[in-house]
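K.L.:
Take a look at the following structure, please.
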Amino acid sequence: MTNSRKIRGYLQQAWLVLLLAGAYGGALAGVQMTLAPRIAENRRRETYQTIPQLVPGADRERTVELWISDREGNPARVYRTHDAEGRHNGWVLPASGPGFADDIGLLIGLDASLKKLTGMYVLDQRETPGLGDYIRDADFRRQFQGHAADTPIEAVKSDPQEQQIVVLSGATVSSSSVCRIINTAIARMRGPLLQSQAAASAAGGDAREQEL
Amino acid sequence: MPDGPTASERFLNGILPENPVYRQLLGMCPVLAVTAAMLPALTMAAATAFVLISANVIISLIRGQLRPHLRILVFTLTIATFVTIADRFLAAYLYEMSKVLGPYVPLIIVNCLIISRCEICASKQTVRVAVADAVGMSLGFTLALVSIATVREVLGSGTWLGLRVLPEAWPNWGIMVLPPGAFLVLGLLLAGVEWWGQWRAERAALAVASVSRSLQGQSGGAAREEEASSWKA
C-alpha cells in the first residue's frame with residue numbers, strides 16, 4: 001500500500017518529465033532516421049576525398065569499397081585503393097573508439113601488403129578544444145606514418161623509439177586513445193585482409209573480394 | 001494587468017540594454033571560440049537562435065504544469081533536444097561547417113543565455129512574450145558575435161564573409177584569428193560598449209539636471225511674483 005502510494009506520488013510529481021522525455025525521444029529518433037543517410041553520405045564523401053592523403057599515389061576514382069568479415073566474423077567496411085594505372089597500392093580502414101570526451105572516428109591508411117601505416121586521418125572527434133582536438137593536426141598525424149602494422153603503437157611523453165609516438169601536451173588520454181583505436185582496428189582487420197588477399201591471388205590475382 | 005515586461009520591452013531589451021554578451025557576459029565560450037571568421041559566427045548565432053526560440057516556446061506552453069523543483073530538469077531536457085536537432089541538421093546540410101564548429105554546437109546546451117531566458121521569461125510569461133524575448137536575445141547575441149567576428153576576420157585575414165575588403169598588401173594580424181585575439185577584441189569591444197553606456201547616462205543626467213534647473217527657475221520666479229503681489233496687497 002505504502003509503495004503504491006509512493007509510486008503514485010512520484011508519478012504525480014514527474015509525469016511531465018516522463019511525458020516530455022518520451023516525446024523528445026520520439027522526435028529525436030525521427031530526426032535521426034531522416035537525416036542519418038545524408039550524414040552517412042557526407043562522411044563517405046569526406047572519406048573518398050581523404051584517401052589520396054592516406055595512401056600515397058591512391059586514385060580516389062579507382063578506390064573500391066568492400067565489406068570484409070573481421071576477426072570475430074562481423075562485417076566491416078574497408079576501402080581497397082588503387083593507383084591511376086589500376087594497381088592495388090593500399091587499404092583504408094575506418095575505425096572508431098572511445099576518446100576523452102566522446103568516440104573518436106579515424107581513417108587508417110595501410111600499404112598493399114599490410115606491413116606499414118601510410119597515414120591517419122581524424123574523421124570525427126569531440127575532444128577538448130585547444131588540447132585534445134589537436135589530434136587532427138598534421139604534425140600529430142604525421143607521427144604515425146611509416147610504423148610497422150604488425151606491432152602495436154605506443155604513446156609516450158618524450159623520446160619516442162620505434163613504434164612509439166609522442167603524446168600531445170595536456171591531451172595524454174586523447175593521444176593514447178588514437179593509438180589504441182589504431183592498434184585495435186589493425187589487429188581486428190589485418191588477418192582477414194591478408195587471407196582475402198591470399199585467396200584473391202590464389203584465384204588468379206582477381207582483386208574482387210567476396211562481398212557479404 | 002501585465003505580470004512582467006511586455007513583448008516589445010522584452011524584444012528591445014535583448015538587443016542592447018540587456019545584450020547577453022555585452023551587458024550580461026553570457027555565452028562566452030562560443031563568443032570566444034567561433035568568432036575567428038564571420039561564417040562560423042553566423043552559423044553559431046543561427047543555431048543558438050533556433051534552440052532559444054524553440055525552448056522558450058515549449059517552456060512557455062507548459063509553464064502552468066512546471067513543478068518548481070523539476071523545472072531545471074525540464075529546461076535542460078528541452079534545450080538538449082533542440083541542440084541535438086540543430087547538431088544533426090548541421091551535420092546533414094552544412095557538413096563542412098559542422099566540422100568547423102566541432103564540439104561548440106553540442107556545447108550550446110550549457111549556454112547560460114538559453115536556460116536563463118527559460119527561467120526569467122518563458123516559465124513566467126505568455127508564448128507571445130517568450131517568443132519576443134527569444135528573438136530579441138537572439139538578435140543581441142548575433143550582434144555580439146558578428147561585431148567580434150568582423151573585427152577578427154577583417155584584421156586577421158583581410159576579408160569579411162570570405163570577401164577581400166583590405167588590400168592584398170595588408171599584413172594579416174595572425175593574433176586576431178588565434179584565441180588571444182578573441183580575448184583582446186572582446187575586451188576592447190566590452191570597454192567600448194561600457195564607455196558608450198556611461199556617456200549616454202551622463203548626457204541623460206545632464207539633460208535632466210538642466211530641465212530641473214529651468215523648472216526651478218520658473219517656479220522660483222512665480223513664487224517671487226506671488227510674494228511681491230501679497231506685499232502690495
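Going through the C-alpha cells in order, the chains are called A, B, and so on, while each chain numbers its residues from 1 and the ligands are numbered from 1 in the order shown.
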Please report as number ranges by chain which residues of chain A come no farther than 12 Å from chain B, using only C-alpha atoms.

P.N.:
A: 10, 12-46, 101-102, 122-130, 132-133, 136

K.L.:
If we count only C-alpha atoms, what is near A:Leu93 at a cut-off of 7 Å, once residues fewer than 5 positions away on the same chain are taken out, given as a list in words?

P.N.:
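Returned residues: Val78, Tyr79, Leu107, Ile108 and Gly109 of chain A.
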
K.L.:
For the residues selected in the previous step, produce a file with all heavy atoms as a PDB file, in the first residue's frame.

P.N.:
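Writing the result to result.pdb gives the following:
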ATOM      1  N   VAL A  78      35.849  -1.661 -45.510  1.00  0.00           N
ATOM      2  CA  VAL A  78      37.240  -1.278 -45.809  1.00  0.00           C
ATOM      3  C   VAL A  78      37.280  -0.692 -47.216  1.00  0.00           C
ATOM      4  O   VAL A  78      36.355  -0.895 -48.011  1.00  0.00           O
ATOM      5  CB  VAL A  78      38.227  -2.477 -45.732  1.00  0.00           C
ATOM      6  CG1 VAL A  78      38.311  -3.036 -44.341  1.00  0.00           C
ATOM      7  CG2 VAL A  78      37.859  -3.550 -46.733  1.00  0.00           C
ATOM      8  N   TYR A  79      38.321   0.065 -47.489  1.00  0.00           N
ATOM      9  CA  TYR A  79      38.491   0.634 -48.830  1.00  0.00           C
ATOM     10  C   TYR A  79      39.787   0.082 -49.413  1.00  0.00           C
ATOM     11  O   TYR A  79      40.842   0.189 -48.788  1.00  0.00           O
ATOM     12  CB  TYR A  79      38.545   2.161 -48.767  1.00  0.00           C
ATOM     13  CG  TYR A  79      37.256   2.764 -48.253  1.00  0.00           C
ATOM     14  CD1 TYR A  79      37.064   2.987 -46.889  1.00  0.00           C
ATOM     15  CD2 TYR A  79      36.230   3.093 -49.128  1.00  0.00           C
ATOM     16  CE1 TYR A  79      35.881   3.520 -46.410  1.00  0.00           C
ATOM     17  CE2 TYR A  79      35.040   3.630 -48.654  1.00  0.00           C
ATOM     18  CZ  TYR A  79      34.876   3.847 -47.297  1.00  0.00           C
ATOM     19  OH  TYR A  79      33.703   4.376 -46.826  1.00  0.00           O
ATOM     20  N   LEU A 107      40.352   7.272 -39.894  1.00  0.00           N
ATOM     21  CA  LEU A 107      40.624   6.523 -41.114  1.00  0.00           C
ATOM     22  C   LEU A 107      42.103   6.155 -41.064  1.00  0.00           C
ATOM     23  O   LEU A 107      42.950   7.025 -40.815  1.00  0.00           O
ATOM     24  CB  LEU A 107      40.356   7.380 -42.349  1.00  0.00           C
ATOM     25  CG  LEU A 107      38.900   7.754 -42.611  1.00  0.00           C
ATOM     26  CD1 LEU A 107      38.817   8.740 -43.772  1.00  0.00           C
ATOM     27  CD2 LEU A 107      38.063   6.521 -42.928  1.00  0.00           C
ATOM     28  N   ILE A 108      42.406   4.878 -41.267  1.00  0.00           N
ATOM     29  CA  ILE A 108      43.790   4.414 -41.143  1.00  0.00           C
ATOM     30  C   ILE A 108      44.263   3.938 -42.515  1.00  0.00           C
ATOM     31  O   ILE A 108      43.606   3.096 -43.146  1.00  0.00           O
ATOM     32  CB  ILE A 108      43.886   3.239 -40.135  1.00  0.00           C
ATOM     33  CG1 ILE A 108      43.308   3.691 -38.786  1.00  0.00           C
ATOM     34  CG2 ILE A 108      45.312   2.757 -39.979  1.00  0.00           C
ATOM     35  CD1 ILE A 108      42.874   2.537 -37.913  1.00  0.00           C
ATOM     36  N   GLY A 109      45.374   4.470 -42.985  1.00  0.00           N
ATOM     37  CA  GLY A 109      45.920   4.060 -44.281  1.00  0.00           C
ATOM     38  C   GLY A 109      47.009   3.023 -44.100  1.00  0.00           C
ATOM     39  O   GLY A 109      47.877   3.173 -43.234  1.00  0.00           O
TER      40      GLY A 109
END

K.L.:
Would you pick out the contacts of stretch 151-165 of chain B at 12 Å or less, using only C-alpha atoms, so that residues sharing its chain but fewer than 5 positions from it are not included, and give the list as a count of residues only?

P.N.:
35

K.L.:
DSSP on the backbone: what in stretch 88-193 of chain A comes out alpha helix (DSSP H), as number ranges by chain?

P.N.:
A: 138-142, 172-193

K.L.:
What would the file look like if the residues just selected were written as a PDB file, in the first residue's frame with N, CA and C atoms?

P.N.:
ATOM      1  N   ALA A 138      48.200  18.056 -38.546  1.00  0.00           N
ATOM      2  CA  ALA A 138      49.067  17.262 -39.425  1.00  0.00           C
ATOM      3  C   ALA A 138      50.314  16.783 -38.686  1.00  0.00           C
ATOM      4  N   ASP A 139      50.879  17.629 -37.796  1.00  0.00           N
ATOM      5  CA  ASP A 139      52.114  17.243 -37.101  1.00  0.00           C
ATOM      6  C   ASP A 139      51.905  16.001 -36.240  1.00  0.00           C
ATOM      7  N   PHE A 140      50.770  15.940 -35.564  1.00  0.00           N
ATOM      8  CA  PHE A 140      50.486  14.773 -34.731  1.00  0.00           C
ATOM      9  C   PHE A 140      50.240  13.548 -35.620  1.00  0.00           C
ATOM     10  N   ARG A 141      49.446  13.755 -36.667  1.00  0.00           N
ATOM     11  CA  ARG A 141      49.077  12.615 -37.530  1.00  0.00           C
ATOM     12  C   ARG A 141      50.293  12.042 -38.262  1.00  0.00           C
ATOM     13  N   ARG A 142      51.224  12.946 -38.624  1.00  0.00           N
ATOM     14  CA  ARG A 142      52.397  12.510 -39.383  1.00  0.00           C
ATOM     15  C   ARG A 142      53.239  11.506 -38.588  1.00  0.00           C
ATOM     16  N   THR A 172      46.993  13.562 -23.001  1.00  0.00           N
ATOM     17  CA  THR A 172      47.533  12.198 -22.995  1.00  0.00           C
ATOM     18  C   THR A 172      46.444  11.179 -23.324  1.00  0.00           C
ATOM     19  N   VAL A 173      45.247  11.395 -22.764  1.00  0.00           N
ATOM     20  CA  VAL A 173      44.175  10.405 -22.968  1.00  0.00           C
ATOM     21  C   VAL A 173      43.772  10.385 -24.451  1.00  0.00           C
ATOM     22  N   SER A 174      43.606  11.559 -25.050  1.00  0.00           N
ATOM     23  CA  SER A 174      43.207  11.604 -26.459  1.00  0.00           C
ATOM     24  C   SER A 174      44.274  10.946 -27.335  1.00  0.00           C
ATOM     25  N   SER A 175      45.546  11.257 -27.058  1.00  0.00           N
ATOM     26  CA  SER A 175      46.636  10.694 -27.876  1.00  0.00           C
ATOM     27  C   SER A 175      46.694   9.177 -27.724  1.00  0.00           C
ATOM     28  N   SER A 176      46.605   8.715 -26.477  1.00  0.00           N
ATOM     29  CA  SER A 176      46.656   7.261 -26.244  1.00  0.00           C
ATOM     30  C   SER A 176      45.436   6.582 -26.861  1.00  0.00           C
ATOM     31  N   SER A 177      44.283   7.272 -26.833  1.00  0.00           N
ATOM     32  CA  SER A 177      43.074   6.687 -27.426  1.00  0.00           C
ATOM     33  C   SER A 177      43.265   6.459 -28.916  1.00  0.00           C
ATOM     34  N   VAL A 178      43.903   7.425 -29.580  1.00  0.00           N
ATOM     35  CA  VAL A 178      44.141   7.268 -31.021  1.00  0.00           C
ATOM     36  C   VAL A 178      44.994   6.029 -31.270  1.00  0.00           C
ATOM     37  N   CYS A 179      46.057   5.867 -30.461  1.00  0.00           N
ATOM     38  CA  CYS A 179      46.914   4.679 -30.614  1.00  0.00           C
ATOM     39  C   CYS A 179      46.108   3.402 -30.406  1.00  0.00           C
ATOM     40  N   ARG A 180      45.282   3.415 -29.349  1.00  0.00           N
ATOM     41  CA  ARG A 180      44.508   2.205 -29.033  1.00  0.00           C
ATOM     42  C   ARG A 180      43.532   1.871 -30.162  1.00  0.00           C
ATOM     43  N   ILE A 181      42.885   2.902 -30.715  1.00  0.00           N
ATOM     44  CA  ILE A 181      41.914   2.653 -31.800  1.00  0.00           C
ATOM     45  C   ILE A 181      42.638   2.065 -33.020  1.00  0.00           C
ATOM     46  N   ILE A 182      43.804   2.622 -33.332  1.00  0.00           N
ATOM     47  CA  ILE A 182      44.567   2.123 -34.487  1.00  0.00           C
ATOM     48  C   ILE A 182      45.005   0.683 -34.244  1.00  0.00           C
ATOM     49  N   ASN A 183      45.559   0.425 -33.066  1.00  0.00           N
ATOM     50  CA  ASN A 183      46.040  -0.942 -32.762  1.00  0.00           C
ATOM     51  C   ASN A 183      44.901  -1.952 -32.832  1.00  0.00           C
ATOM     52  N   THR A 184      43.743  -1.574 -32.261  1.00  0.00           N
ATOM     53  CA  THR A 184      42.604  -2.496 -32.243  1.00  0.00           C
ATOM     54  C   THR A 184      42.110  -2.760 -33.656  1.00  0.00           C
ATOM     55  N   ALA A 185      42.006  -1.697 -34.444  1.00  0.00           N
ATOM     56  CA  ALA A 185      41.468  -1.856 -35.804  1.00  0.00           C
ATOM     57  C   ALA A 185      42.389  -2.736 -36.650  1.00  0.00           C
ATOM     58  N   ILE A 186      43.697  -2.509 -36.517  1.00  0.00           N
ATOM     59  CA  ILE A 186      44.634  -3.314 -37.321  1.00  0.00           C
ATOM     60  C   ILE A 186      44.604  -4.766 -36.864  1.00  0.00           C
ATOM     61  N   ALA A 187      44.575  -4.962 -35.528  1.00  0.00           N
ATOM     62  CA  ALA A 187      44.533  -6.341 -35.014  1.00  0.00           C
ATOM     63  C   ALA A 187      43.266  -7.059 -35.486  1.00  0.00           C
ATOM     64  N   ARG A 188      42.182  -6.289 -35.608  1.00  0.00           N
ATOM     65  CA  ARG A 188      40.884  -6.869 -35.977  1.00  0.00           C
ATOM     66  C   ARG A 188      40.825  -7.204 -37.476  1.00  0.00           C
ATOM     67  N   MET A 189      41.491  -6.388 -38.291  1.00  0.00           N
ATOM     68  CA  MET A 189      41.295  -6.498 -39.734  1.00  0.00           C
ATOM     69  C   MET A 189      42.488  -7.074 -40.501  1.00  0.00           C
ATOM     70  N   ARG A 190      43.693  -7.036 -39.905  1.00  0.00           N
ATOM     71  CA  ARG A 190      44.879  -7.389 -40.690  1.00  0.00           C
ATOM     72  C   ARG A 190      44.817  -8.844 -41.181  1.00  0.00           C
ATOM     73  N   GLY A 191      44.510  -9.771 -40.265  1.00  0.00           N
ATOM     74  CA  GLY A 191      44.439 -11.190 -40.622  1.00  0.00           C
ATOM     75  C   GLY A 191      43.425 -11.440 -41.734  1.00  0.00           C
ATOM     76  N   PRO A 192      42.172 -11.031 -41.554  1.00  0.00           N
ATOM     77  CA  PRO A 192      41.172 -11.254 -42.603  1.00  0.00           C
ATOM     78  C   PRO A 192      41.555 -10.619 -43.945  1.00  0.00           C
ATOM     79  N   LEU A 193      42.192  -9.447 -43.910  1.00  0.00           N
ATOM     80  CA  LEU A 193      42.576  -8.811 -45.170  1.00  0.00           C
ATOM     81  C   LEU A 193      43.687  -9.604 -45.855  1.00  0.00           C
TER      82      LEU A 193
END

K.L.:
Taking 4 positions as the minimum chain separation for residues in the same chain, which residues sit within 6 Å of B:Ala122 when counting only C-alpha atoms? Answer as a compact mmCIF listing (two decimals) with C-alpha atoms, in the first residue's frame.

P.N.:
# COMPACT_ATOMS: atom_id res chain seq x y z
CA ASN B 56 11.22 29.42 -24.94
CA ILE B 59 8.63 26.13 -21.77
CA SER B 60 6.09 28.93 -22.04
CA CYS B 118 13.67 29.91 -19.81
CA ALA B 130 8.55 34.43 -24.68

K.L.:
Find the spatial neighbours of B:Leu143, counting only C-alpha atoms, within a cut-off of 10 Å - ignore same-chain residues fewer than 2 positions away - and output them as a list of chain:residue names.

P.N.:
B:Ile15, B:Leu16, B:Asn19, B:Pro20, B:Val21, B:Tyr22, B:Leu42, B:Ala45, B:Met137, B:Ser138, B:Leu139, B:Gly140, B:Phe141, B:Leu145, B:Val146, B:Ser147, B:Ile148, B:Ala149

K.L.:
Find the residues near B:Ser8: any atom within 8 Å, counting only C-alpha atoms, skip ones fewer than 2 places away on the same chain, and give them as an MDAnalysis selection string.

P.N.:
chainID B and resid 6 10:12 129 132

K.L.:
Could the residues in this selection be saved with all heavy atoms as a PDB file, in the first residue's frame?

P.N.:
ATOM      1  N   THR B   6       6.495  43.851 -21.151  1.00  0.00           N
ATOM      2  CA  THR B   6       5.671  43.483 -22.308  1.00  0.00           C
ATOM      3  C   THR B   6       6.549  42.853 -23.390  1.00  0.00           C
ATOM      4  O   THR B   6       7.781  42.865 -23.287  1.00  0.00           O
ATOM      5  CB  THR B   6       5.005  44.732 -22.896  1.00  0.00           C
ATOM      6  OG1 THR B   6       6.056  45.622 -23.303  1.00  0.00           O
ATOM      7  CG2 THR B   6       4.109  45.426 -21.883  1.00  0.00           C
ATOM      8  N   ARG B  10      10.551  43.270 -23.859  1.00  0.00           N
ATOM      9  CA  ARG B  10      11.438  42.095 -23.840  1.00  0.00           C
ATOM     10  C   ARG B  10      12.290  42.062 -25.107  1.00  0.00           C
ATOM     11  O   ARG B  10      13.494  41.805 -25.057  1.00  0.00           O
ATOM     12  CB  ARG B  10      10.617  40.803 -23.767  1.00  0.00           C
ATOM     13  CG  ARG B  10      10.012  40.510 -22.413  1.00  0.00           C
ATOM     14  CD  ARG B  10      11.048  39.991 -21.466  1.00  0.00           C
ATOM     15  NE  ARG B  10      10.471  39.423 -20.262  1.00  0.00           N
ATOM     16  CZ  ARG B  10      11.122  39.330 -19.122  1.00  0.00           C
ATOM     17  NH1 ARG B  10      12.350  39.773 -19.011  1.00  0.00           N
ATOM     18  NH2 ARG B  10      10.556  38.788 -18.069  1.00  0.00           N
ATOM     19  N   PHE B  11      11.635  42.320 -26.254  1.00  0.00           N
ATOM     20  CA  PHE B  11      12.333  42.267 -27.541  1.00  0.00           C
ATOM     21  C   PHE B  11      13.464  43.297 -27.579  1.00  0.00           C
ATOM     22  O   PHE B  11      14.607  42.970 -27.888  1.00  0.00           O
ATOM     23  CB  PHE B  11      11.319  42.528 -28.668  1.00  0.00           C
ATOM     24  CG  PHE B  11      11.948  42.622 -30.025  1.00  0.00           C
ATOM     25  CD1 PHE B  11      12.377  41.478 -30.690  1.00  0.00           C
ATOM     26  CD2 PHE B  11      12.123  43.851 -30.645  1.00  0.00           C
ATOM     27  CE1 PHE B  11      12.969  41.568 -31.936  1.00  0.00           C
ATOM     28  CE2 PHE B  11      12.710  43.945 -31.893  1.00  0.00           C
ATOM     29  CZ  PHE B  11      13.138  42.803 -32.538  1.00  0.00           C
ATOM     30  N   LEU B  12      13.132  44.531 -27.229  1.00  0.00           N
ATOM     31  CA  LEU B  12      14.134  45.605 -27.319  1.00  0.00           C
ATOM     32  C   LEU B  12      15.242  45.429 -26.281  1.00  0.00           C
ATOM     33  O   LEU B  12      16.412  45.665 -26.573  1.00  0.00           O
ATOM     34  CB  LEU B  12      13.459  46.972 -27.139  1.00  0.00           C
ATOM     35  CG  LEU B  12      12.548  47.374 -28.303  1.00  0.00           C
ATOM     36  CD1 LEU B  12      11.794  48.645 -27.975  1.00  0.00           C
ATOM     37  CD2 LEU B  12      13.355  47.551 -29.587  1.00  0.00           C
ATOM     38  N   VAL B 129       5.147  36.756 -25.453  1.00  0.00           N
ATOM     39  CA  VAL B 129       6.251  37.473 -24.790  1.00  0.00           C
ATOM     40  C   VAL B 129       7.525  36.621 -24.855  1.00  0.00           C
ATOM     41  O   VAL B 129       8.615  37.145 -25.101  1.00  0.00           O
ATOM     42  CB  VAL B 129       5.882  37.794 -23.318  1.00  0.00           C
ATOM     43  CG1 VAL B 129       7.025  38.506 -22.618  1.00  0.00           C
ATOM     44  CG2 VAL B 129       4.628  38.647 -23.261  1.00  0.00           C
ATOM     45  N   ALA B 132       9.029  36.928 -28.292  1.00  0.00           N
ATOM     46  CA  ALA B 132       9.637  38.251 -28.470  1.00  0.00           C
ATOM     47  C   ALA B 132      10.963  38.316 -27.705  1.00  0.00           C
ATOM     48  O   ALA B 132      11.967  38.832 -28.210  1.00  0.00           O
ATOM     49  CB  ALA B 132       8.686  39.332 -27.962  1.00  0.00           C
TER      50      ALA B 132
END

K.L.:
Just to confirm, what's the straight-line distance from atom CA of B:Asn111 to atom CA of B:Ile72 in Å (one decimal)?

P.N.:
13.7 Å

K.L.:
Figure out the distance between atom CA of A:Asp159 and atom CA of A:Ala95, please, to one decimal in Å.

P.N.:
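Separating atom CA of A:Ala95 from atom CA of A:Asp159 is a distance of 27.5 Å.
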